[in-house]
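Asker: Sharing protein_36.csv, CSV, C-alpha atoms:
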```csv
chain,number,residue,atom,x,y,z
A,47,MET,CA,31.2,27.5,-19.2
A,48,ALA,CA,28.7,28.2,-16.5
A,49,VAL,CA,27.9,25.9,-13.6
A,50,GLY,CA,24.8,23.9,-14.2
A,51,GLN,CA,25.0,22.6,-17.7
A,52,PHE,CA,24.1,19.3,-19.1
A,53,SER,CA,25.6,17.9,-22.3
A,54,ASP,CA,23.2,17.9,-25.3
A,55,ASP,CA,22.5,14.2,-24.9
A,56,GLY,CA,22.0,14.5,-21.1
A,57,GLN,CA,24.6,12.0,-20.2
A,58,TRP,CA,27.0,14.5,-18.6
A,59,TRP,CA,26.8,17.3,-16.2
A,60,TRP,CA,29.3,20.2,-15.8
A,61,ASP,CA,30.0,20.8,-12.1
A,62,GLY,CA,32.0,24.0,-12.7
A,63,THR,CA,35.4,22.3,-13.1
A,64,THR,CA,34.8,19.0,-14.9
A,65,TRP,CA,32.2,16.9,-16.7
A,66,VAL,CA,30.5,14.2,-14.5
A,67,ALA,CA,28.5,11.3,-15.8
A,68,THR,CA,24.9,12.1,-15.0
A,69,ALA,CA,24.3,8.6,-13.7
A,70,GLN,CA,27.1,9.3,-11.1
A,71,VAL,CA,25.9,12.7,-9.9
A,72,VAL,CA,24.9,12.6,-6.2
A,73,LEU,CA,23.1,15.7,-5.0
A,74,PRO,CA,24.4,17.1,-1.6
A,75,GLN,CA,22.2,17.8,1.3
A,76,LEU,CA,19.7,20.4,0.0
A,77,PRO,CA,19.0,23.6,2.0
A,78,THR,CA,16.2,23.5,4.5
A,79,THR,CA,12.8,24.0,2.9
A,80,GLU,CA,10.1,26.4,4.1
A,81,PHE,CA,8.0,23.3,4.8
A,82,GLU,CA,10.6,22.1,7.3
A,83,ARG,CA,11.2,25.5,8.9
A,84,SER,CA,7.5,25.9,9.5
A,85,GLY,CA,7.2,22.7,11.4
A,86,LYS,CA,4.9,21.1,8.9
A,87,LEU,CA,7.3,18.3,8.2
A,88,GLY,CA,7.2,17.1,11.8
A,89,LYS,CA,3.4,17.0,11.6
A,90,ALA,CA,3.5,15.1,8.4
A,91,ARG,CA,5.9,12.5,9.8
A,92,SER,CA,3.7,12.1,12.8
A,93,ARG,CA,0.6,11.5,10.6
A,94,ARG,CA,2.6,9.1,8.4
A,95,LYS,CA,3.6,7.0,11.5
A,96,THR,CA,0.1,7.1,12.8
A,97,GLY,CA,-1.2,6.0,9.4
A,98,GLU,CA,1.2,3.0,9.5
A,99,ARG,CA,0.0,2.0,13.0
A,100,LEU,CA,-3.6,2.3,11.8
A,101,PHE,CA,-2.8,0.2,8.8
A,102,TRP,CA,-1.6,-2.7,10.9
A,103,ALA,CA,-4.5,-2.3,13.3
A,104,ASN,CA,-6.8,-2.4,10.3
A,105,THR,CA,-5.5,-5.9,9.4
A,106,ILE,CA,-7.2,-7.3,12.6
A,107,PRO,CA,-10.8,-8.0,11.6
A,108,PRO,CA,-12.4,-7.4,15.1
A,109,ILE,CA,-11.2,-3.7,15.1
A,110,ALA,CA,-10.9,-3.0,11.4
A,111,TRP,CA,-14.3,-1.3,11.3
A,112,LEU,CA,-13.0,1.2,13.8
A,113,THR,CA,-9.7,2.0,12.1
A,114,GLY,CA,-10.6,2.0,8.4
A,115,SER,CA,-12.0,5.5,8.1
A,116,ALA,CA,-9.3,7.0,10.3
A,117,LEU,CA,-6.6,5.3,8.1
A,118,ILE,CA,-8.0,6.9,5.0
A,119,VAL,CA,-8.2,10.4,6.5
A,120,VAL,CA,-4.7,10.3,8.1
A,121,GLY,CA,-3.1,8.7,5.1
A,122,MET,CA,-4.4,11.3,2.7
A,123,ARG,CA,-3.4,14.2,4.9
A,124,ALA,CA,0.1,12.7,5.3
A,125,SER,CA,0.4,12.1,1.5
A,126,ARG,CA,-0.7,15.6,0.6
A,127,ALA,CA,1.9,17.1,3.1
A,128,TYR,CA,4.7,14.9,1.7
A,129,ARG,CA,3.8,16.0,-1.8
A,130,SER,CA,4.1,19.7,-0.8
A,131,TRP,CA,7.5,19.0,0.7
A,132,THR,CA,8.6,17.1,-2.4
A,133,LEU,CA,7.8,20.1,-4.6
A,134,GLU,CA,9.9,22.4,-2.5
A,135,GLN,CA,12.8,19.9,-2.7
A,136,LEU,CA,12.4,19.5,-6.4
A,137,ALA,CA,12.8,23.3,-6.9
A,138,LEU,CA,16.0,23.3,-4.9
A,139,ALA,CA,17.4,20.2,-6.6
A,140,THR,CA,16.7,21.8,-10.0
A,141,ALA,CA,18.3,25.0,-9.0
A,142,TYR,CA,21.4,23.2,-7.8
A,143,LEU,CA,21.8,21.4,-11.2
A,144,LEU,CA,20.8,24.1,-13.6
A,145,GLY,CA,21.4,27.4,-11.7
A,146,PRO,CA,19.0,30.3,-11.1
A,147,ASP,CA,18.5,31.1,-14.7
A,148,GLU,CA,16.6,27.9,-15.5
A,149,PRO,CA,14.1,27.4,-12.6
A,150,MET,CA,11.6,24.6,-12.3
A,151,LEU,CA,8.3,25.6,-14.0
A,152,ALA,CA,6.3,22.6,-12.7
A,153,GLY,CA,7.0,19.4,-10.8
A,154,GLU,CA,5.3,16.4,-9.3
A,155,GLY,CA,6.1,13.6,-6.9
A,156,GLY,CA,4.9,12.6,-3.5
A,157,THR,CA,4.3,9.8,-1.1
A,158,LEU,CA,4.2,6.5,-3.1
A,159,VAL,CA,3.1,3.1,-1.8
A,160,ALA,CA,4.2,-0.4,-2.2
A,161,ASP,CA,0.8,-2.1,-2.4
A,162,GLN,CA,-2.6,-1.5,-3.8
A,163,PHE,CA,-5.2,1.1,-2.6
A,164,ASP,CA,-2.5,3.6,-1.6
A,165,LEU,CA,-2.0,2.2,1.9
A,166,PRO,CA,1.2,1.9,4.0
A,167,PRO,CA,4.0,1.1,4.1
A,168,TRP,CA,4.8,4.3,2.2
A,169,ARG,CA,7.8,5.1,0.1
A,170,ARG,CA,8.9,7.9,-2.1
A,171,ASP,CA,11.0,7.0,-5.1
A,172,LEU,CA,10.6,9.1,-8.2
A,173,ALA,CA,9.7,12.8,-9.0
A,174,VAL,CA,9.8,14.9,-12.1
A,175,ALA,CA,10.7,18.6,-12.7
A,176,VAL,CA,10.2,20.5,-15.9
A,177,THR,CA,12.1,23.7,-16.9
A,178,ALA,CA,12.1,25.8,-20.0
A,179,ALA,CA,14.7,23.5,-21.6
A,180,HIS,CA,14.9,20.3,-19.6
A,181,VAL,CA,13.0,17.4,-18.1
A,182,LEU,CA,14.6,16.0,-15.0
A,183,VAL,CA,13.5,12.7,-13.3
A,184,PHE,CA,14.9,12.4,-9.8
A,185,ARG,CA,15.3,9.3,-7.6
A,186,ILE,CA,14.6,10.1,-3.9
A,187,ASP,CA,16.7,8.3,-1.4
A,188,SER,CA,14.0,7.5,1.2
A,189,VAL,CA,10.5,8.4,2.4
A,190,ASP,CA,12.0,11.0,4.7
A,191,GLY,CA,14.9,11.9,2.4
A,192,GLN,CA,15.4,14.0,-0.7
A,193,PRO,CA,16.1,13.9,-4.4
A,194,ARG,CA,19.5,12.4,-4.5
A,195,TRP,CA,20.2,11.0,-8.0
A,196,ILE,CA,19.2,11.7,-11.5
A,197,ALA,CA,17.3,9.1,-13.4
A,198,LEU,CA,16.8,11.2,-16.5
A,199,ALA,CA,18.1,14.6,-17.8
A,200,ALA,CA,16.9,15.4,-21.3
A,201,ARG,CA,15.9,18.2,-23.5
A,202,THR,CA,12.1,18.8,-23.4
A,203,SER,CA,11.7,18.0,-27.1
A,204,ARG,CA,13.4,14.6,-26.7
A,205,VAL,CA,11.0,13.5,-24.0
A,206,LYS,CA,7.4,12.3,-24.0
A,207,ILE,CA,5.2,12.9,-20.9
A,208,GLU,CA,1.8,11.2,-20.6
A,209,VAL,CA,-0.9,11.1,-17.9
A,210,LEU,CA,-2.5,7.8,-17.1
A,211,ARG,CA,-5.8,8.0,-15.4
A,212,GLY,CA,-8.2,5.5,-13.9
A,213,ILE,CA,-7.8,2.2,-12.1
A,214,ARG,CA,-5.2,-0.1,-13.7
A,215,THR,CA,-3.4,-3.3,-12.8
A,216,THR,CA,0.3,-3.0,-12.5
A,217,ARG,CA,3.2,-5.2,-11.4
A,218,GLU,CA,2.8,-3.7,-7.9
A,219,GLY,CA,-0.9,-4.2,-7.7
A,220,VAL,CA,-3.8,-1.9,-8.5
A,221,ALA,CA,-2.9,1.7,-9.4
A,222,VAL,CA,-5.7,4.2,-9.0
A,223,GLY,CA,-3.8,7.1,-10.7
A,224,PRO,CA,-3.4,9.5,-12.1
A,225,ASP,CA,0.2,8.7,-12.9
A,226,LEU,CA,2.8,10.6,-14.9
A,227,VAL,CA,4.8,8.6,-17.4
A,228,VAL,CA,8.1,10.1,-18.7
A,229,SER,CA,9.9,8.4,-21.5
A,230,ASP,CA,12.7,8.9,-24.0
A,231,ARG,CA,14.6,6.6,-26.3
A,232,ASN,CA,16.5,5.1,-23.4
A,233,GLY,CA,13.7,4.2,-20.9
A,234,GLN,CA,10.5,5.0,-19.2
A,235,TRP,CA,9.7,6.2,-15.6
A,236,THR,CA,6.3,6.2,-13.9
A,237,ILE,CA,5.6,8.7,-11.1
A,238,ARG,CA,2.7,7.2,-9.3
A,239,GLY,CA,-0.1,9.3,-7.9
A,240,SER,CA,-3.5,9.3,-6.3
A,241,SER,CA,-6.2,11.8,-5.5
A,242,TRP,CA,-3.8,14.5,-4.3
A,243,PHE,CA,-1.6,14.2,-7.4
A,244,GLN,CA,-1.7,17.1,-9.9
A,245,PRO,CA,-0.1,16.0,-13.2
A,246,ASP,CA,-1.7,18.6,-15.5
A,247,PRO,CA,0.7,21.5,-14.6
A,248,VAL,CA,3.6,19.3,-15.5
A,249,LEU,CA,2.1,18.2,-18.8
A,250,GLU,CA,1.2,21.8,-19.7
A,251,ALA,CA,4.7,23.1,-18.8
A,252,TRP,CA,6.3,20.4,-20.9
A,253,ARG,CA,4.1,21.1,-23.9
A,254,GLN,CA,4.8,24.9,-23.7
A,255,ALA,CA,8.5,24.3,-23.4
A,256,VAL,CA,8.4,22.0,-26.5
A,257,ASN,CA,6.4,24.5,-28.5
A,258,LYS,CA,9.0,27.3,-27.6
A,259,ASN,CA,12.0,25.0,-28.3
A,260,PRO,CA,10.9,22.4,-30.8
A,261,ALA,CA,14.4,21.7,-32.0
A,262,SER,CA,16.2,21.8,-28.7
```
Write out the structure in this file as structure tokens.

Answerer:
Amino acid sequence: MAVGQFSDDGQWWWDGTTWVATAQVVLPQLPTTEFERSGKLGKARSRRKTGERLFWANTIPPIAWLTGSALIVVGMRASRAYRSWTLEQLALATAYLLGPDEPMLAGEGGTLVADQFDLPPWRRDLAVAVTAAHVLVFRIDSVDGQPRWIALAARTSRVKIEVLRGIRTTREGVAVGPDLVVSDRNGQWTIRGSSWFQPDPVLEAWRQAVNKNPAS
């Protein structure tokens, strides 16, 4: 059996010598991404930290009018950059689990936030990757970390992916979306997004995979 196989129910992963429970798989340190090698990650981290400082300055009424616009601009640039980094990491994580013959077709995930209006403190927690046969939902270990654990590994036909758009009230506050919602019979995972989020390629890749493998 080749390395990079999931059991049919997605509960086990073959590491080349033995079956490991999917919930217990811990991805090793991923190879350095092009985003990191180019120096873009350093710039993104600097913008993120600047955005966090601006956020706290923006809570002081006398100077909030000076910092509000800058916070939005810096925050969006940092978020877009972290999203680009996440996509490269997702491709590497997918290749590690499934091998070179089943690459990621589309993925999404990025800088997520703890409160409403997409302001700091930022965090990254979930991301999704779609291949020709599988949907993988990863949990990311920290805002400056990587996909580390598998929240879901399932055949494309056994998963439902939806896009939620518009402003909605959630348990964490106000979500401006669009968000990606991935669900199967065992649970549901919401990958939150904002204006830089591009959920449609993920939705289309999943639909095409299901059409090609309706009984997988």

Asker: Between atom CA of Trp235 of chain A and atom CA of Ser203 of chain A, what is the spacing in Å?

Answerer: 16.6 Å

Asker: Return the single residue from A:Asp230, A:Asp225, A:Glu154, A:Asp171 that is closest to Ala200 of chain A, with distances computed using all atoms listed in the file.

Answerer: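 The shortest atom-to-atom distance to Ala200 of chain A comes from A:Asp230.
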
Asker: For a quick check of understanding, using all atoms listed in the file, which of A:Leu138, A:Ile186, A:Leu151, A:Ala173 has the smallest distance to Glu250 of chain A?

Answerer: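 Comparing A:Leu138, A:Ile186, A:Leu151, A:Ala173 against Glu250 of chain A, the winner is A:Leu151.
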
Asker: Please indicate the distance in Å from atom CA of Trp60 of chain A to atom CA of Asn232 of chain A, rounded to one decimal place.

Answerer: 21.2 Å

Asker: At what distance in Å, to one decimal, does atom CA of Leu182 of chain A lie from atom CA of Phe52 of chain A?

Answerer: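 Those two atoms sit 10.9 Å apart.
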
Asker: Considering all atoms listed in the file, return as a tab-separated table (two decimals) with C-alpha atoms, keeping the file's coordinate frame whatever protein or nucleic-acid residues lie within 9 Å of Trp59 of chain A, sequence-local ones (same chain, fewer than 4 positions apart) excluded.

Answerer:
```
chain	number	residue	atom	x	y	z
A	50	GLY	CA	24.80	23.90	-14.20
A	51	GLN	CA	25.00	22.60	-17.70
A	52	PHE	CA	24.10	19.30	-19.10
A	53	SER	CA	25.60	17.90	-22.30
A	64	THR	CA	34.80	19.00	-14.90
A	65	TRP	CA	32.20	16.90	-16.70
A	66	VAL	CA	30.50	14.20	-14.50
A	67	ALA	CA	28.50	11.30	-15.80
A	68	THR	CA	24.90	12.10	-15.00
A	71	VAL	CA	25.90	12.70	-9.90
A	143	LEU	CA	21.80	21.40	-11.20
```

Asker: Would you pick out the contacts of Trp195 of chain A at 9 Å or less, using all atoms listed in the file, so that residues sharing its chain but fewer than 4 positions from it are not included, and give the list as a PyMOL selection string?

Answerer: chain A and resi 68-73+183-187

Asker: Asp190 of chain A: which residues within 9 Å, counting only C-alpha atoms, same-chain residues fewer than 5 positions away excluded, as a PDB file with C-alpha atoms, in the coordinates of the input?

Answerer:
```
ATOM      1  CA  ARG A  91       5.900  12.500   9.800  1.00  0.00           C
ATOM      2  CA  TYR A 128       4.700  14.900   1.700  1.00  0.00           C
ATOM      3  CA  ARG A 169       7.800   5.100   0.100  1.00  0.00           C
ATOM      4  CA  ARG A 170       8.900   7.900  -2.100  1.00  0.00           C
TER       5      ARG A 170
END
```

Asker: Taking the point (0.7, 19.7, -14.4) as given in the file, collect each protein or nucleic acid residue that comes within 12 Å of it, counting all atoms listed in the file, and present the set as a list in words.

Answerer: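 These residues have at least one counted atom within 12 Å: Leu151, Ala152, Gly153, Glu154, Gly155, Val174, Ala175, Val176, Ile207, Glu208, Val209, Pro224, Asp225, Leu226, Phe243, Gln244, Pro245, Asp246, Pro247, Val248, Leu249, Glu250, Ala251, Trp252, Arg253 and Gln254 of chain A.
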
Asker: Between A:Val189, A:Ala141, A:Ala178, A:Leu172, single out the one closest to Ser125 of chain A, counting all atoms listed in the file.

Answerer: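 The answer is A:Val189, which sits nearest to Ser125 of chain A.
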
Asker: If we count only C-alpha atoms, what is near Trp131 of chain A at a cut-off of 8 Å, once residues fewer than 5 positions away on the same chain are taken out, given as a list in words?

Answerer: Thr79, Phe81, Glu82 and Leu87 of chain A

Asker: For Gln234 of chain A, which of A:Ala197, A:Pro260, A:Thr202, A:Asp55 is the closest residue, counting all atoms listed in the file?

Answerer: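 The shortest atom-to-atom distance to Gln234 of chain A comes from A:Ala197.
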